[in-house]
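See below for the structure under consideration.
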Amino acid sequence: MPRFTRLTSQYVRRELLRLLRRKYLPLLARHIYRQRADASTWPALALPIEVEPLRAGIEALAAMPAARREPKGQLDEYERQLKAWKRRRTIARNKVAKYARLVRYHRKHGRNAALHQ
């Protein structure tokens, strides 16, 4: 059996769950509620799941072309590098500001601590 694409798998899962909820759960509930209260085991219940109505949707989704990314060009690489350098510059500016504050704070309390007492 061929591997389904993610979209096809989602469709199959959604439709099978819908079929289970609408058609087979009521049958199962009726089967359970008919049992005697003192029954220790349930009798077997065969539920033939009809998947033929799903075939058209599955085949249509399988025939759809997959979305593919376009090959990256030189411009995309330059934009990626620029973004990375801007991020590094922002990080560097934040660190410079942080350590400048720390130096000012510790300088004020270190050298001139005797004068401020």
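Following the order of the structure tokens, first chain is A, next is B, and so on, with residues numbered from 1 inside each chain and ligands from 1 in the order they appear.
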**helix (DSSP H, G or I) residues, from DSSP on the backbone, in chain A, as a ChimeraX atom specification** = /A:6-33,52-63,74-110
**Message:** Need the shell around Tyr24 of chain A: protein/DNA/RNA residues with any atom at most 12 Å away, counting only C-alpha atoms. Skip same-chain ones fewer than 4 positions apart. Format as a ChimeraX atom specification?
**Reply:** /A:16-20,28-31,45-50
Can you write just those residues out, all heavy atoms, as a short mmCIF file (atom, residue, chain, number, x, y, z; two decimals), in the first residue's frame?
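Once written, again-v1.cif looks like this:
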data_model
loop_
_atom_site.label_atom_id
_atom_site.label_comp_id
_atom_site.auth_asym_id
_atom_site.auth_seq_id
_atom_site.Cartn_x
_atom_site.Cartn_y
_atom_site.Cartn_z
N LEU A 16 -13.04 8.43 8.65
CA LEU A 16 -13.28 7.18 9.38
C LEU A 16 -13.84 7.46 10.77
O LEU A 16 -14.74 6.74 11.24
CB LEU A 16 -11.99 6.36 9.48
CG LEU A 16 -11.59 5.62 8.21
CD1 LEU A 16 -10.23 4.95 8.40
CD2 LEU A 16 -12.63 4.60 7.81
N LEU A 17 -13.34 8.49 11.42
CA LEU A 17 -13.89 8.85 12.73
C LEU A 17 -15.34 9.30 12.62
O LEU A 17 -16.18 8.98 13.45
CB LEU A 17 -13.04 9.93 13.39
CG LEU A 17 -11.75 9.44 14.01
CD1 LEU A 17 -10.89 10.60 14.48
CD2 LEU A 17 -12.03 8.52 15.18
N ARG A 18 -15.63 10.07 11.57
CA ARG A 18 -17.02 10.51 11.35
C ARG A 18 -17.93 9.31 11.12
O ARG A 18 -19.02 9.21 11.68
CB ARG A 18 -17.07 11.46 10.15
CG ARG A 18 -18.46 12.02 9.91
CD ARG A 18 -18.48 12.97 8.75
NE ARG A 18 -17.64 14.12 9.07
CZ ARG A 18 -17.02 14.87 8.17
NH1 ARG A 18 -17.11 14.58 6.89
NH2 ARG A 18 -16.30 15.90 8.53
N LEU A 19 -17.47 8.36 10.30
CA LEU A 19 -18.23 7.14 10.03
C LEU A 19 -18.44 6.33 11.32
O LEU A 19 -19.54 5.84 11.58
CB LEU A 19 -17.47 6.30 9.00
CG LEU A 19 -18.17 5.13 8.36
CD1 LEU A 19 -19.35 5.60 7.54
CD2 LEU A 19 -17.19 4.38 7.46
N LEU A 20 -17.39 6.23 12.12
CA LEU A 20 -17.49 5.50 13.38
C LEU A 20 -18.51 6.15 14.32
O LEU A 20 -19.35 5.48 14.90
CB LEU A 20 -16.12 5.44 14.05
CG LEU A 20 -16.10 4.76 15.41
CD1 LEU A 20 -16.23 3.26 15.24
CD2 LEU A 20 -14.82 5.10 16.15
N LEU A 28 -22.92 -0.16 18.45
CA LEU A 28 -22.17 -0.70 19.58
C LEU A 28 -22.88 -0.39 20.90
O LEU A 28 -22.95 -1.25 21.78
CB LEU A 28 -20.76 -0.11 19.57
CG LEU A 28 -19.77 -0.65 20.59
CD1 LEU A 28 -19.58 -2.15 20.38
CD2 LEU A 28 -18.46 0.06 20.47
N ALA A 29 -23.42 0.81 21.01
CA ALA A 29 -24.13 1.17 22.24
C ALA A 29 -25.37 0.29 22.44
O ALA A 29 -25.63 -0.18 23.54
CB ALA A 29 -24.53 2.64 22.20
N ARG A 30 -26.12 0.07 21.37
CA ARG A 30 -27.30 -0.81 21.47
C ARG A 30 -26.88 -2.22 21.86
O ARG A 30 -27.53 -2.88 22.68
CB ARG A 30 -28.06 -0.85 20.14
CG ARG A 30 -29.08 0.27 20.04
CD ARG A 30 -29.89 0.15 18.81
NE ARG A 30 -29.13 0.90 17.80
CZ ARG A 30 -29.11 0.64 16.51
NH1 ARG A 30 -29.80 -0.36 16.02
NH2 ARG A 30 -28.41 1.36 15.69
N HIS A 31 -25.77 -2.68 21.30
CA HIS A 31 -25.27 -4.02 21.60
C HIS A 31 -24.88 -4.13 23.08
O HIS A 31 -25.17 -5.12 23.74
CB HIS A 31 -24.09 -4.34 20.70
CG HIS A 31 -23.51 -5.69 20.91
ND1 HIS A 31 -24.17 -6.84 20.51
CD2 HIS A 31 -22.36 -6.10 21.47
CE1 HIS A 31 -23.43 -7.89 20.83
NE2 HIS A 31 -22.32 -7.46 21.41
N LEU A 45 -19.00 -9.09 18.50
CA LEU A 45 -19.77 -8.24 17.59
C LEU A 45 -18.86 -7.88 16.42
O LEU A 45 -17.79 -7.32 16.61
CB LEU A 45 -20.23 -6.97 18.31
CG LEU A 45 -20.95 -5.94 17.44
CD1 LEU A 45 -22.28 -6.48 16.95
CD2 LEU A 45 -21.15 -4.65 18.21
N ALA A 46 -19.30 -8.24 15.24
CA ALA A 46 -18.52 -7.92 14.04
C ALA A 46 -19.13 -6.69 13.38
O ALA A 46 -20.32 -6.65 13.10
CB ALA A 46 -18.52 -9.09 13.08
N LEU A 47 -18.30 -5.67 13.16
CA LEU A 47 -18.76 -4.46 12.49
C LEU A 47 -17.99 -4.31 11.18
O LEU A 47 -16.84 -3.88 11.18
CB LEU A 47 -18.50 -3.23 13.37
CG LEU A 47 -19.26 -3.13 14.68
CD1 LEU A 47 -18.79 -1.93 15.47
CD2 LEU A 47 -20.74 -3.04 14.42
N PRO A 48 -18.60 -4.68 10.07
CA PRO A 48 -17.89 -4.49 8.79
C PRO A 48 -17.88 -3.00 8.42
O PRO A 48 -18.91 -2.40 8.19
CB PRO A 48 -18.71 -5.30 7.80
CG PRO A 48 -20.08 -5.34 8.39
CD PRO A 48 -19.91 -5.27 9.88
N ILE A 49 -16.71 -2.40 8.42
CA ILE A 49 -16.60 -0.97 8.11
C ILE A 49 -16.54 -0.81 6.60
O ILE A 49 -15.66 -1.37 5.93
CB ILE A 49 -15.35 -0.37 8.77
CG1 ILE A 49 -15.46 -0.50 10.29
CG2 ILE A 49 -15.16 1.08 8.38
CD1 ILE A 49 -14.26 -0.01 11.03
N GLU A 50 -17.46 -0.03 6.07
CA GLU A 50 -17.53 0.20 4.62
C GLU A 50 -16.65 1.39 4.28
O GLU A 50 -16.98 2.53 4.57
CB GLU A 50 -18.97 0.47 4.22
CG GLU A 50 -19.92 -0.66 4.53
CD GLU A 50 -21.38 -0.23 4.43
OE1 GLU A 50 -21.63 0.84 3.87
OE2 GLU A 50 -22.22 -0.97 4.91
#
